[in-house]
Each structure stands twice: as structure tokens, then as C-alpha cells.
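Enquirer: Below is my_file_18.cif; it holds mmCIF, N, CA and C atoms.
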data_model
#
loop_
_atom_site.label_atom_id
_atom_site.label_comp_id
_atom_site.auth_asym_id
_atom_site.auth_seq_id
_atom_site.Cartn_x
_atom_site.Cartn_y
_atom_site.Cartn_z
N MET A 2 -28.16 -29.69 -4.77
CA MET A 2 -27.70 -28.36 -4.47
C MET A 2 -26.19 -28.36 -4.31
N ARG A 3 -25.62 -27.18 -4.49
CA ARG A 3 -24.20 -26.98 -4.24
C ARG A 3 -23.99 -25.51 -3.93
N ILE A 4 -22.91 -25.21 -3.27
CA ILE A 4 -22.58 -23.81 -3.04
C ILE A 4 -21.95 -23.26 -4.31
N ASP A 5 -22.47 -22.16 -4.80
CA ASP A 5 -21.95 -21.52 -6.00
C ASP A 5 -20.95 -20.43 -5.63
N HIS A 6 -21.33 -19.58 -4.68
CA HIS A 6 -20.44 -18.50 -4.25
C HIS A 6 -20.84 -18.01 -2.87
N GLY A 7 -19.93 -17.30 -2.26
CA GLY A 7 -20.20 -16.59 -1.02
C GLY A 7 -19.91 -15.13 -1.26
N GLY A 8 -20.66 -14.25 -0.63
CA GLY A 8 -20.46 -12.82 -0.79
C GLY A 8 -20.00 -12.19 0.52
N LEU A 9 -19.01 -11.31 0.43
CA LEU A 9 -18.49 -10.60 1.60
C LEU A 9 -18.57 -9.10 1.36
N LEU A 10 -19.23 -8.39 2.25
CA LEU A 10 -19.27 -6.93 2.18
C LEU A 10 -17.94 -6.40 2.69
N VAL A 11 -17.26 -5.59 1.88
CA VAL A 11 -15.94 -5.07 2.23
C VAL A 11 -15.92 -3.55 2.13
N SER A 12 -15.08 -2.94 2.94
CA SER A 12 -15.02 -1.47 2.95
C SER A 12 -14.16 -0.91 1.83
N ASP A 13 -13.19 -1.68 1.34
CA ASP A 13 -12.27 -1.21 0.31
C ASP A 13 -11.96 -2.39 -0.61
N VAL A 14 -12.55 -2.39 -1.79
CA VAL A 14 -12.43 -3.52 -2.71
C VAL A 14 -10.97 -3.76 -3.10
N GLU A 15 -10.23 -2.70 -3.41
CA GLU A 15 -8.83 -2.87 -3.83
C GLU A 15 -7.99 -3.47 -2.71
N ARG A 16 -8.18 -3.02 -1.51
CA ARG A 16 -7.43 -3.58 -0.36
C ARG A 16 -7.79 -5.05 -0.17
N SER A 17 -9.06 -5.38 -0.29
CA SER A 17 -9.48 -6.77 -0.15
C SER A 17 -8.93 -7.63 -1.29
N LEU A 18 -8.92 -7.09 -2.49
CA LEU A 18 -8.33 -7.82 -3.62
C LEU A 18 -6.87 -8.15 -3.36
N ARG A 19 -6.10 -7.19 -2.84
CA ARG A 19 -4.69 -7.45 -2.53
C ARG A 19 -4.57 -8.61 -1.55
N PHE A 20 -5.44 -8.65 -0.55
CA PHE A 20 -5.41 -9.75 0.42
C PHE A 20 -5.71 -11.08 -0.26
N TYR A 21 -6.83 -11.16 -0.95
CA TYR A 21 -7.26 -12.44 -1.51
C TYR A 21 -6.39 -12.91 -2.68
N VAL A 22 -5.90 -11.99 -3.49
CA VAL A 22 -5.06 -12.37 -4.63
C VAL A 22 -3.60 -12.52 -4.20
N ASP A 23 -3.03 -11.51 -3.55
CA ASP A 23 -1.61 -11.56 -3.21
C ASP A 23 -1.31 -12.51 -2.05
N ALA A 24 -2.07 -12.41 -0.97
CA ALA A 24 -1.78 -13.22 0.21
C ALA A 24 -2.31 -14.65 0.10
N LEU A 25 -3.49 -14.82 -0.51
CA LEU A 25 -4.07 -16.16 -0.57
C LEU A 25 -3.94 -16.83 -1.93
N GLY A 26 -3.63 -16.07 -2.97
CA GLY A 26 -3.41 -16.67 -4.28
C GLY A 26 -4.66 -16.94 -5.09
N LEU A 27 -5.78 -16.32 -4.73
CA LEU A 27 -7.00 -16.51 -5.53
C LEU A 27 -6.90 -15.70 -6.81
N GLU A 28 -7.70 -16.07 -7.79
CA GLU A 28 -7.69 -15.41 -9.09
C GLU A 28 -8.92 -14.52 -9.25
N GLU A 29 -8.68 -13.26 -9.61
CA GLU A 29 -9.82 -12.38 -9.92
C GLU A 29 -10.36 -12.79 -11.28
N VAL A 30 -11.69 -12.87 -11.37
CA VAL A 30 -12.35 -13.22 -12.62
C VAL A 30 -13.31 -12.10 -13.00
N PRO A 31 -13.69 -12.01 -14.29
CA PRO A 31 -14.57 -10.93 -14.71
C PRO A 31 -15.91 -10.93 -13.97
N ARG A 32 -16.38 -9.74 -13.71
CA ARG A 32 -17.67 -9.51 -13.07
C ARG A 32 -18.56 -8.84 -14.11
N PRO A 33 -19.84 -9.19 -14.17
CA PRO A 33 -20.71 -8.57 -15.17
C PRO A 33 -20.70 -7.04 -15.08
N SER A 34 -20.80 -6.40 -16.21
CA SER A 34 -20.76 -4.93 -16.26
C SER A 34 -22.07 -4.29 -15.82
N THR A 35 -23.04 -5.09 -15.44
CA THR A 35 -24.34 -4.55 -15.05
C THR A 35 -24.39 -4.06 -13.60
N PHE A 36 -23.31 -4.27 -12.86
CA PHE A 36 -23.29 -3.83 -11.46
C PHE A 36 -22.90 -2.36 -11.38
N ASP A 37 -23.69 -1.58 -10.66
CA ASP A 37 -23.39 -0.16 -10.43
C ASP A 37 -22.75 0.06 -9.07
N THR A 38 -22.40 -1.02 -8.39
CA THR A 38 -21.75 -0.94 -7.09
C THR A 38 -20.33 -1.48 -7.23
N PRO A 39 -19.43 -1.03 -6.37
CA PRO A 39 -18.06 -1.55 -6.44
C PRO A 39 -18.03 -3.02 -6.04
N GLY A 40 -17.05 -3.73 -6.57
CA GLY A 40 -16.92 -5.13 -6.20
C GLY A 40 -15.95 -5.85 -7.09
N ALA A 41 -15.72 -7.10 -6.78
CA ALA A 41 -14.84 -7.96 -7.56
C ALA A 41 -15.23 -9.40 -7.28
N TRP A 42 -14.94 -10.28 -8.25
CA TRP A 42 -15.22 -11.69 -8.09
C TRP A 42 -13.91 -12.46 -8.12
N LEU A 43 -13.84 -13.48 -7.27
CA LEU A 43 -12.65 -14.31 -7.16
C LEU A 43 -13.02 -15.77 -7.36
N GLN A 44 -12.18 -16.50 -8.09
CA GLN A 44 -12.40 -17.92 -8.32
C GLN A 44 -11.73 -18.71 -7.21
N VAL A 45 -12.46 -19.68 -6.65
CA VAL A 45 -11.94 -20.58 -5.61
C VAL A 45 -12.35 -21.98 -6.03
N GLY A 46 -11.50 -22.67 -6.76
CA GLY A 46 -11.88 -23.98 -7.30
C GLY A 46 -13.04 -23.79 -8.26
N GLU A 47 -14.12 -24.52 -8.01
CA GLU A 47 -15.31 -24.38 -8.85
C GLU A 47 -16.28 -23.33 -8.33
N GLN A 48 -15.98 -22.75 -7.17
CA GLN A 48 -16.84 -21.74 -6.57
C GLN A 48 -16.19 -20.37 -6.66
N GLN A 49 -16.91 -19.37 -6.18
CA GLN A 49 -16.40 -18.01 -6.19
C GLN A 49 -16.66 -17.33 -4.85
N ILE A 50 -15.86 -16.31 -4.60
CA ILE A 50 -16.13 -15.36 -3.53
C ILE A 50 -16.41 -14.03 -4.22
N HIS A 51 -17.52 -13.41 -3.89
CA HIS A 51 -17.86 -12.11 -4.45
C HIS A 51 -17.59 -11.04 -3.39
N LEU A 52 -16.69 -10.15 -3.70
CA LEU A 52 -16.42 -9.02 -2.82
C LEU A 52 -17.40 -7.93 -3.19
N ILE A 53 -18.17 -7.49 -2.23
CA ILE A 53 -19.20 -6.48 -2.44
C ILE A 53 -18.72 -5.21 -1.76
N GLY A 54 -18.40 -4.19 -2.54
CA GLY A 54 -17.90 -2.95 -1.97
C GLY A 54 -19.01 -2.14 -1.34
N GLU A 55 -18.76 -1.68 -0.12
CA GLU A 55 -19.79 -0.90 0.56
C GLU A 55 -20.00 0.43 -0.19
N THR A 56 -21.22 0.89 -0.17
CA THR A 56 -21.56 2.19 -0.77
C THR A 56 -21.92 3.21 0.29
N GLU A 57 -21.99 2.73 1.53
CA GLU A 57 -22.26 3.60 2.68
C GLU A 57 -21.11 3.40 3.66
N PRO A 58 -20.26 4.40 3.85
CA PRO A 58 -19.09 4.23 4.73
C PRO A 58 -19.47 3.67 6.10
N GLY A 59 -18.71 2.66 6.54
CA GLY A 59 -18.95 2.04 7.83
C GLY A 59 -19.91 0.87 7.81
N ARG A 60 -20.56 0.64 6.67
CA ARG A 60 -21.57 -0.43 6.60
C ARG A 60 -20.95 -1.81 6.75
N ALA A 61 -19.77 -2.04 6.16
CA ALA A 61 -19.12 -3.35 6.26
C ALA A 61 -18.83 -3.68 7.72
N ARG A 62 -18.31 -2.72 8.48
CA ARG A 62 -18.00 -2.96 9.89
C ARG A 62 -19.28 -3.17 10.69
N ALA A 63 -20.32 -2.44 10.39
CA ALA A 63 -21.58 -2.58 11.12
C ALA A 63 -22.19 -3.97 10.90
N MET A 64 -22.01 -4.52 9.71
CA MET A 64 -22.60 -5.83 9.40
C MET A 64 -21.70 -6.99 9.80
N THR A 65 -20.43 -6.71 10.07
CA THR A 65 -19.49 -7.76 10.47
C THR A 65 -18.75 -7.29 11.71
N PRO A 66 -19.37 -7.41 12.87
CA PRO A 66 -18.69 -6.99 14.10
C PRO A 66 -17.41 -7.79 14.31
N ALA A 67 -16.45 -7.18 14.96
CA ALA A 67 -15.15 -7.81 15.18
C ALA A 67 -15.26 -8.99 16.15
N TYR A 68 -14.51 -10.04 15.84
CA TYR A 68 -14.38 -11.17 16.75
C TYR A 68 -13.23 -10.90 17.72
N ASP A 69 -13.31 -11.49 18.90
CA ASP A 69 -12.20 -11.44 19.84
C ASP A 69 -11.07 -12.31 19.31
N HIS A 70 -9.85 -12.00 19.73
CA HIS A 70 -8.67 -12.77 19.33
C HIS A 70 -8.87 -14.26 19.61
N ALA A 71 -9.37 -14.60 20.79
CA ALA A 71 -9.56 -16.01 21.16
C ALA A 71 -10.56 -16.72 20.25
N GLU A 72 -11.54 -16.00 19.74
CA GLU A 72 -12.52 -16.58 18.82
C GLU A 72 -11.89 -16.83 17.45
N ILE A 73 -11.08 -15.89 16.99
CA ILE A 73 -10.43 -16.04 15.68
C ILE A 73 -9.49 -17.23 15.68
N VAL A 74 -8.68 -17.36 16.72
CA VAL A 74 -7.65 -18.40 16.80
C VAL A 74 -8.23 -19.80 16.61
N ILE A 75 -9.44 -20.05 17.12
CA ILE A 75 -10.04 -21.39 16.99
C ILE A 75 -11.18 -21.44 15.98
N GLY A 76 -11.44 -20.33 15.29
CA GLY A 76 -12.51 -20.34 14.29
C GLY A 76 -13.89 -20.41 14.90
N TYR A 77 -14.05 -19.82 16.06
CA TYR A 77 -15.32 -19.86 16.79
C TYR A 77 -16.20 -18.72 16.29
N GLY A 78 -16.85 -18.95 15.16
CA GLY A 78 -17.72 -17.95 14.58
C GLY A 78 -17.88 -18.17 13.08
N THR A 79 -18.58 -17.30 12.44
CA THR A 79 -18.81 -17.39 11.01
C THR A 79 -17.47 -17.27 10.28
N HIS A 80 -17.22 -18.20 9.36
CA HIS A 80 -15.97 -18.16 8.61
C HIS A 80 -16.12 -18.91 7.29
N LEU A 81 -15.17 -18.66 6.39
CA LEU A 81 -15.04 -19.41 5.14
C LEU A 81 -13.82 -20.29 5.27
N ALA A 82 -13.91 -21.54 4.80
CA ALA A 82 -12.78 -22.46 4.83
C ALA A 82 -12.29 -22.67 3.41
N LEU A 83 -11.00 -22.45 3.20
CA LEU A 83 -10.37 -22.66 1.90
C LEU A 83 -9.41 -23.84 2.02
N ALA A 84 -9.65 -24.89 1.25
CA ALA A 84 -8.78 -26.06 1.25
C ALA A 84 -7.56 -25.77 0.38
N VAL A 85 -6.38 -26.06 0.91
CA VAL A 85 -5.13 -25.84 0.20
C VAL A 85 -4.37 -27.17 0.12
N GLU A 86 -3.55 -27.31 -0.91
CA GLU A 86 -2.75 -28.52 -1.07
C GLU A 86 -1.65 -28.60 -0.02
N ASP A 87 -1.03 -27.45 0.27
CA ASP A 87 0.13 -27.40 1.17
C ASP A 87 -0.04 -26.19 2.08
N LEU A 88 -0.43 -26.45 3.32
CA LEU A 88 -0.70 -25.36 4.26
C LEU A 88 0.56 -24.54 4.54
N ASP A 89 1.70 -25.20 4.67
CA ASP A 89 2.94 -24.46 4.93
C ASP A 89 3.24 -23.49 3.79
N ALA A 90 3.06 -23.93 2.55
CA ALA A 90 3.30 -23.07 1.39
C ALA A 90 2.30 -21.92 1.36
N ALA A 91 1.04 -22.20 1.69
CA ALA A 91 0.02 -21.15 1.71
C ALA A 91 0.35 -20.10 2.76
N LEU A 92 0.84 -20.55 3.92
CA LEU A 92 1.21 -19.60 4.97
C LEU A 92 2.45 -18.80 4.61
N ALA A 93 3.38 -19.42 3.88
CA ALA A 93 4.57 -18.69 3.42
C ALA A 93 4.16 -17.61 2.43
N ARG A 94 3.24 -17.91 1.53
CA ARG A 94 2.74 -16.91 0.58
C ARG A 94 2.07 -15.76 1.33
N ALA A 95 1.23 -16.10 2.30
CA ALA A 95 0.55 -15.06 3.08
C ALA A 95 1.56 -14.20 3.82
N ALA A 96 2.55 -14.82 4.43
CA ALA A 96 3.57 -14.08 5.18
C ALA A 96 4.35 -13.14 4.26
N ALA A 97 4.63 -13.58 3.04
CA ALA A 97 5.34 -12.73 2.08
C ALA A 97 4.53 -11.48 1.74
N ALA A 98 3.21 -11.58 1.87
CA ALA A 98 2.32 -10.44 1.62
C ALA A 98 2.00 -9.69 2.91
N GLY A 99 2.67 -10.06 4.01
CA GLY A 99 2.46 -9.37 5.28
C GLY A 99 1.28 -9.85 6.09
N VAL A 100 0.75 -11.02 5.78
CA VAL A 100 -0.41 -11.56 6.49
C VAL A 100 0.04 -12.73 7.35
N HIS A 101 -0.25 -12.64 8.65
CA HIS A 101 0.15 -13.68 9.60
C HIS A 101 -1.06 -14.07 10.44
N PRO A 102 -1.30 -15.38 10.60
CA PRO A 102 -2.42 -15.79 11.45
C PRO A 102 -2.15 -15.43 12.90
N PRO A 103 -3.19 -15.13 13.66
CA PRO A 103 -3.00 -14.76 15.06
C PRO A 103 -2.75 -15.96 15.97
N GLY A 104 -2.95 -17.18 15.47
CA GLY A 104 -2.77 -18.38 16.28
C GLY A 104 -1.94 -19.41 15.55
N GLU A 105 -1.84 -20.56 16.16
CA GLU A 105 -1.03 -21.66 15.64
C GLU A 105 -1.85 -22.57 14.71
N VAL A 106 -1.14 -23.29 13.87
CA VAL A 106 -1.74 -24.36 13.07
C VAL A 106 -2.04 -25.51 14.04
N PHE A 107 -3.23 -26.10 13.91
CA PHE A 107 -3.55 -27.25 14.76
C PHE A 107 -4.37 -28.27 13.99
N ALA A 108 -4.26 -29.52 14.42
CA ALA A 108 -4.99 -30.62 13.80
C ALA A 108 -6.40 -30.68 14.36
N ARG A 109 -7.33 -31.01 13.49
CA ARG A 109 -8.74 -31.05 13.87
C ARG A 109 -9.15 -32.41 14.41
N GLY A 110 -8.38 -33.45 14.12
CA GLY A 110 -8.71 -34.79 14.61
C GLY A 110 -9.36 -35.69 13.59
N ASP A 111 -9.52 -35.20 12.38
CA ASP A 111 -10.13 -36.01 11.32
C ASP A 111 -9.29 -35.99 10.05
N GLY A 112 -7.98 -35.78 10.20
CA GLY A 112 -7.11 -35.75 9.04
C GLY A 112 -6.95 -34.37 8.43
N VAL A 113 -7.37 -33.34 9.15
CA VAL A 113 -7.26 -31.96 8.68
C VAL A 113 -6.41 -31.16 9.65
N LYS A 114 -5.45 -30.38 9.11
CA LYS A 114 -4.79 -29.37 9.93
C LYS A 114 -5.21 -28.03 9.38
N ARG A 115 -5.29 -27.05 10.27
CA ARG A 115 -5.89 -25.78 9.86
C ARG A 115 -5.35 -24.63 10.71
N VAL A 116 -5.61 -23.44 10.19
CA VAL A 116 -5.29 -22.21 10.90
C VAL A 116 -6.29 -21.16 10.44
N PHE A 117 -6.51 -20.17 11.27
CA PHE A 117 -7.47 -19.11 10.95
C PHE A 117 -6.75 -17.77 10.86
N LEU A 118 -7.25 -16.92 9.98
CA LEU A 118 -6.76 -15.55 9.87
C LEU A 118 -7.93 -14.68 9.48
N THR A 119 -7.70 -13.38 9.41
CA THR A 119 -8.78 -12.47 9.04
C THR A 119 -8.37 -11.63 7.85
N ASP A 120 -9.37 -11.27 7.06
CA ASP A 120 -9.12 -10.36 5.93
C ASP A 120 -9.14 -8.93 6.47
N PRO A 121 -8.90 -7.93 5.62
CA PRO A 121 -8.83 -6.55 6.12
C PRO A 121 -10.10 -6.04 6.80
N ASP A 122 -11.25 -6.67 6.53
CA ASP A 122 -12.49 -6.25 7.17
C ASP A 122 -12.89 -7.14 8.34
N GLY A 123 -12.02 -8.07 8.72
CA GLY A 123 -12.30 -8.92 9.87
C GLY A 123 -13.05 -10.20 9.56
N HIS A 124 -13.30 -10.50 8.28
CA HIS A 124 -13.91 -11.78 7.93
C HIS A 124 -12.91 -12.88 8.26
N VAL A 125 -13.37 -13.92 8.96
CA VAL A 125 -12.49 -15.00 9.37
C VAL A 125 -12.37 -16.01 8.23
N ILE A 126 -11.12 -16.34 7.90
CA ILE A 126 -10.82 -17.28 6.82
C ILE A 126 -10.03 -18.44 7.41
N GLU A 127 -10.49 -19.65 7.17
CA GLU A 127 -9.77 -20.86 7.59
C GLU A 127 -8.98 -21.37 6.40
N LEU A 128 -7.71 -21.65 6.60
CA LEU A 128 -6.90 -22.36 5.61
C LEU A 128 -6.72 -23.76 6.14
N MET A 129 -7.07 -24.77 5.32
CA MET A 129 -7.04 -26.14 5.79
C MET A 129 -6.41 -27.08 4.77
N GLN A 130 -5.69 -28.06 5.30
CA GLN A 130 -5.07 -29.09 4.47
C GLN A 130 -5.59 -30.44 4.93
N THR A 131 -6.02 -31.27 4.00
CA THR A 131 -6.51 -32.60 4.32
C THR A 131 -5.40 -33.63 4.16
N GLY A 132 -5.66 -34.84 4.60
CA GLY A 132 -4.70 -35.93 4.44
C GLY A 132 -3.63 -35.98 5.51
N VAL A 133 -3.86 -35.33 6.64
CA VAL A 133 -2.89 -35.30 7.73
C VAL A 133 -3.14 -36.51 8.63
N PRO A 134 -2.08 -37.22 9.03
CA PRO A 134 -2.30 -38.38 9.92
C PRO A 134 -3.01 -37.99 11.22
N VAL A 135 -3.91 -38.84 11.65
CA VAL A 135 -4.61 -38.66 12.93
C VAL A 135 -3.81 -39.41 13.98
N THR A 136 -3.41 -38.70 15.03
CA THR A 136 -2.55 -39.31 16.06
C THR A 136 -3.31 -39.67 17.33
N GLY A 137 -4.44 -39.07 17.55
CA GLY A 137 -5.16 -39.25 18.80
C GLY A 137 -4.75 -38.24 19.85
N ASP A 138 -3.73 -37.43 19.54
CA ASP A 138 -3.26 -36.40 20.47
C ASP A 138 -3.74 -35.00 20.06
N GLU A 139 -4.67 -34.93 19.13
CA GLU A 139 -5.17 -33.63 18.67
C GLU A 139 -5.84 -32.91 19.83
N PRO A 140 -5.68 -31.58 19.87
CA PRO A 140 -6.27 -30.82 20.99
C PRO A 140 -7.80 -30.80 20.91
N ARG A 141 -8.43 -30.70 22.06
CA ARG A 141 -9.88 -30.53 22.13
C ARG A 141 -10.22 -29.11 21.73
N LEU A 142 -11.33 -28.94 21.05
CA LEU A 142 -11.81 -27.61 20.72
C LEU A 142 -12.66 -27.13 21.89
N LYS A 143 -12.13 -26.19 22.63
CA LYS A 143 -12.80 -25.66 23.82
C LYS A 143 -13.36 -24.28 23.51
N PRO A 144 -14.40 -23.89 24.22
CA PRO A 144 -14.92 -22.52 24.01
C PRO A 144 -13.82 -21.50 24.25
N PRO A 145 -13.85 -20.40 23.50
CA PRO A 145 -12.81 -19.39 23.67
C PRO A 145 -12.88 -18.73 25.04
N GLN A 146 -11.74 -18.42 25.57
CA GLN A 146 -11.63 -17.68 26.82
C GLN A 146 -11.45 -16.21 26.45
N ARG A 147 -12.56 -15.51 26.41
CA ARG A 147 -12.53 -14.10 25.98
C ARG A 147 -12.07 -13.23 27.14
N GLY A 148 -11.22 -12.25 26.77
CA GLY A 148 -10.69 -11.42 27.84
C GLY A 148 -10.99 -9.97 27.71
#
Would it be possible to restate this file's structure as C-alpha cells?
Expert:
Amino acid sequence: MRIDHGGLLVSDVERSLRFYVDALGLEEVPRPSTFDTPGAWLQVGEQQIHLIGETEPGRARAMTPAYDHAEIVIGYGTHLALAVEDLDAALARAAAAGVHPPGEVFARGDGVKRVFLTDPDGHVIELMQTGVPVTGDEPRLKPPQRG
């Protein structure tokens, strides 16, 4: 088995496309013409993300309740992780598109540094870079302190 794609219900396909293409650098790929619902497909390495446009206003928000800031910052919840070659460059691209993570970049303790952000509908996205030296001083992942 392998993961082929993940699907995200979004309230505005064009707005989501701007986020994933402009801020994250993903490539939109053709979607079959047999779909009568709004949507778009994005290539992520060998896998895809399928943006599924809502057909009932408010449905995307109802199916994806908002996370607290403290949960987003540490990735405490459902999320997609995108591996990048250069996390600093990926964050610079996102910033140029007006997207800024709510928390700091931190090391996971296994050679990965990462940061979390959200798309326009609140889906949590992890950007991660592998090959980072492990120092032994990496922070502990503690439960979020929700306020």
C-alpha cells in the first residue's frame, strides 16, 4: 500500500489554490472533466492533494472545526506534512505570499526541523526538512496549553 492522495474540503477553491500554489509552490495538475463539483488537484512529489470545493456554504468549516493557536503551533491535531529541501526557503516563499506560521521552527529530535501553518480553511500543514543534526537539546513536545 501507499498513500496516493489526500482530499481537503475547502470553501473557496481559487483562494485555496493561491495558498497551495503561490505560498507553498505546489503544482496544479489536470482534474478529470467528469466532476460536477468545484475542485482542483495539486501534485506533491508522487502524491496529490485534492481540493474539494464545498457545494453547501459553511460545510468546509463544519467539517473542519478550528484548532486553538496552541494546538496549531505544535501540530497537535490532524495535519498534512510536506517535506521540503530547504525550510528557510519554503518559509521565505510563503512570507512573500503573505503566509506566516503562528509559531517558531523547532527540531523534532530525529533529524527533522518543522513548523506548522494553516491554509485559508484552517487545515493544518506541517513544513518539514530532514537531515538536521540532532543535538539532544530539542524541546519536549508537551500538550498544548489552551487558553
Enquirer: Given only C-alpha atoms, how would the per-residue table for stretch 36-97 of chain A near stretch 5-23 of chain A read, listing every residue at most 8 Å away with its closest atom pair and distance in Å to one decimal, sorted by chain and number, as CSV?
Expert:
residue,atom,partner,partner_atom,distance
A:Pro39,CA,A:Val14,CA,7.0
A:Gly40,CA,A:Val14,CA,5.9
A:Ala41,CA,A:Val14,CA,7.0
A:Glu47,CA,A:Asp5,CA,7.8
A:Gln48,CA,A:Asp5,CA,5.1
A:Gln49,CA,A:His6,CA,4.5
A:Ile50,CA,A:Gly7,CA,4.9
A:His51,CA,A:Gly8,CA,4.5
A:Leu52,CA,A:Leu9,CA,5.1
A:Ile53,CA,A:Leu10,CA,4.6
A:Gly54,CA,A:Val11,CA,5.1
A:Glu55,CA,A:Ser12,CA,5.4
A:Pro58,CA,A:Ser12,CA,7.2
A:Gly59,CA,A:Ser12,CA,7.2
A:Arg60,CA,A:Ser12,CA,7.6
A:Ala61,CA,A:Val11,CA,5.4
A:Arg62,CA,A:Ser12,CA,7.7
A:Arg94,CA,A:Asp23,CA,7.9
A:Ala95,CA,A:Asp23,CA,7.5
Enquirer: What residues come out when you apply the PyMOL selection byres ((chain A and resi 81) around 6) to this file, written as a PyMOL selection string?
Expert: chain A and resi 79-80+82-83+125-127
Enquirer: For the residues selected in the previous step, produce a file with N, CA and C atoms as a JSON list (two decimals), keeping the file's coordinate frame.
Expert:
[["chain", "number", "residue", "atom", "x", "y", "z"],
["A", 79, "THR", "N", -18.58, -17.30, 12.44],
["A", 79, "THR", "CA", -18.81, -17.39, 11.01],
["A", 79, "THR", "C", -17.47, -17.27, 10.28],
["A", 80, "HIS", "N", -17.22, -18.20, 9.36],
["A", 80, "HIS", "CA", -15.97, -18.16, 8.61],
["A", 80, "HIS", "C", -16.12, -18.91, 7.29],
["A", 82, "ALA", "N", -13.91, -21.54, 4.80],
["A", 82, "ALA", "CA", -12.78, -22.46, 4.83],
["A", 82, "ALA", "C", -12.29, -22.67, 3.41],
["A", 83, "LEU", "N", -11.00, -22.45, 3.20],
["A", 83, "LEU", "CA", -10.37, -22.66, 1.90],
["A", 83, "LEU", "C", -9.41, -23.84, 2.02],
["A", 125, "VAL", "N", -13.37, -13.92, 8.96],
["A", 125, "VAL", "CA", -12.49, -15.00, 9.37],
["A", 125, "VAL", "C", -12.37, -16.01, 8.23],
["A", 126, "ILE", "N", -11.12, -16.34, 7.90],
["A", 126, "ILE", "CA", -10.82, -17.28, 6.82],
["A", 126, "ILE", "C", -10.03, -18.44, 7.41],
["A", 127, "GLU", "N", -10.49, -19.65, 7.17],
["A", 127, "GLU", "CA", -9.77, -20.86, 7.59],
["A", 127, "GLU", "C", -8.98, -21.37, 6.40]]
Enquirer: So which residues touch A:His101 within 7 Å, counting all atoms listed in the file, skipping near sequence neighbours fewer than 3 positions away, as a PyMOL selection string?
Expert: chain A and resi 95-96+98+104+117-119
Enquirer: Restricted to N, CA and C atoms, what would the selected residues look like written as a short mmCIF file (atom, residue, chain, number, x, y, z; two decimals), in the frame of the given file?
Expert:
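Writing done, so here's again_8.cif:
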data_model
loop_
_atom_site.label_atom_id
_atom_site.label_comp_id
_atom_site.auth_asym_id
_atom_site.auth_seq_id
_atom_site.Cartn_x
_atom_site.Cartn_y
_atom_site.Cartn_z
N ALA A 95 1.23 -16.10 2.30
CA ALA A 95 0.55 -15.06 3.08
C ALA A 95 1.56 -14.20 3.82
N ALA A 96 2.55 -14.82 4.43
CA ALA A 96 3.57 -14.08 5.18
C ALA A 96 4.35 -13.14 4.26
N ALA A 98 3.21 -11.58 1.87
CA ALA A 98 2.32 -10.44 1.62
C ALA A 98 2.00 -9.69 2.91
N GLY A 104 -2.95 -17.18 15.47
CA GLY A 104 -2.77 -18.38 16.28
C GLY A 104 -1.94 -19.41 15.55
N PHE A 117 -6.51 -20.17 11.27
CA PHE A 117 -7.47 -19.11 10.95
C PHE A 117 -6.75 -17.77 10.86
N LEU A 118 -7.25 -16.92 9.98
CA LEU A 118 -6.76 -15.55 9.87
C LEU A 118 -7.93 -14.68 9.48
N THR A 119 -7.70 -13.38 9.41
CA THR A 119 -8.78 -12.47 9.04
C THR A 119 -8.37 -11.63 7.85
#
Enquirer: Considering only N, CA and C atoms, can you say which of A:Ala71, A:Val135, A:Leu142, A:Val30 comes closest to A:Leu43?
Expert: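 Ranking A:Ala71, A:Val135, A:Leu142, A:Val30 by distance to A:Leu43, first place goes to A:Val30.
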Enquirer: Can you work out which one of A:Asp37, A:Gln44, A:Glu29, A:Asp120 has the shortest atom-to-atom distance to A:Thr65, counting only C-alpha atoms?
Expert: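 Closest to A:Thr65, using only C-alpha atoms: A:Asp120.
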Enquirer: Could you jot down the atom CA of A:Arg141 to atom N of A:Ile75 separation for me, Å, one decimal place?
Expert: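 It comes out at 11.6 Å.
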Enquirer: With distances taken over all atoms listed in the file, which residue among A:Asp87, A:Met129, A:Pro103, A:Lys143 lies nearest A:His70?
Expert: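 Of the candidates, the smallest distance to A:His70 is held by A:Pro103.
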Enquirer: Give me the result of the PyMOL selection byres ((chain A and resi 88-90) around 8) on this file, residue by residue, as a list in words.
Expert: Ala84, Val85, Glu86, Asp87, Ala91, Leu92, Ala93, Arg94, Ala95, Ala96, Lys114, Arg115, Val116, Leu128, Met129, Gln130 and Thr131 of chain A
Enquirer: Compare A:Gln146, A:Thr38, A:Thr136, A:Thr56 by their minimum atom-to-atom distance to A:Ile73, counting only C-alpha atoms, and give me the closest one.
Expert: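 Comparing A:Gln146, A:Thr38, A:Thr136, A:Thr56 against A:Ile73, the winner is A:Gln146.
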Enquirer: Among chain A, which residues carry a DSSP assignment of strand (DSSP E), reported as a count of residues only?
Expert: 43
Enquirer: Starting from the displayed file, determine the output of the PyMOL selection byres (((chain A and resi 137 and name CA) around 12) and name CA) and express the residue list as a PyMOL selection string.
Expert: chain A and resi 108-112+133-136+138-141
Enquirer: Pick from A:Pro144, A:Pro66, A:Gly99, A:Gly78: nearest to A:Ala24, with only C-alpha atoms counted?
Expert: A:Gly99
Enquirer: Calculate how many Å separate atom CA of A:Ser34 from atom CA of A:Met64, rounding to one decimal.
Expert: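 These two atoms are separated by 25.7 Å.
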Enquirer: Quick one: pick out all alpha helix (DSSP H) residues within chain A from a backbone DSSP run and write them as a ChimeraX atom specification.
Expert: /A:14-18,60-64,70-75,88-97
Enquirer: Could you check how far atom N of A:Asp122 sits from atom CA of A:Met2, in Å to one decimal?
Expert: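 Calculated distance between atom N of A:Asp122 and atom CA of A:Met2 is 29.4 Å.
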Enquirer: Nearest residue to A:Pro121 out of A:Arg32, A:Ala67, A:Arg147, A:Gly76, using only C-alpha atoms?
Expert: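 Of A:Arg32, A:Ala67, A:Arg147, A:Gly76, the one nearest A:Pro121, counting only C-alpha atoms, is A:Ala67.
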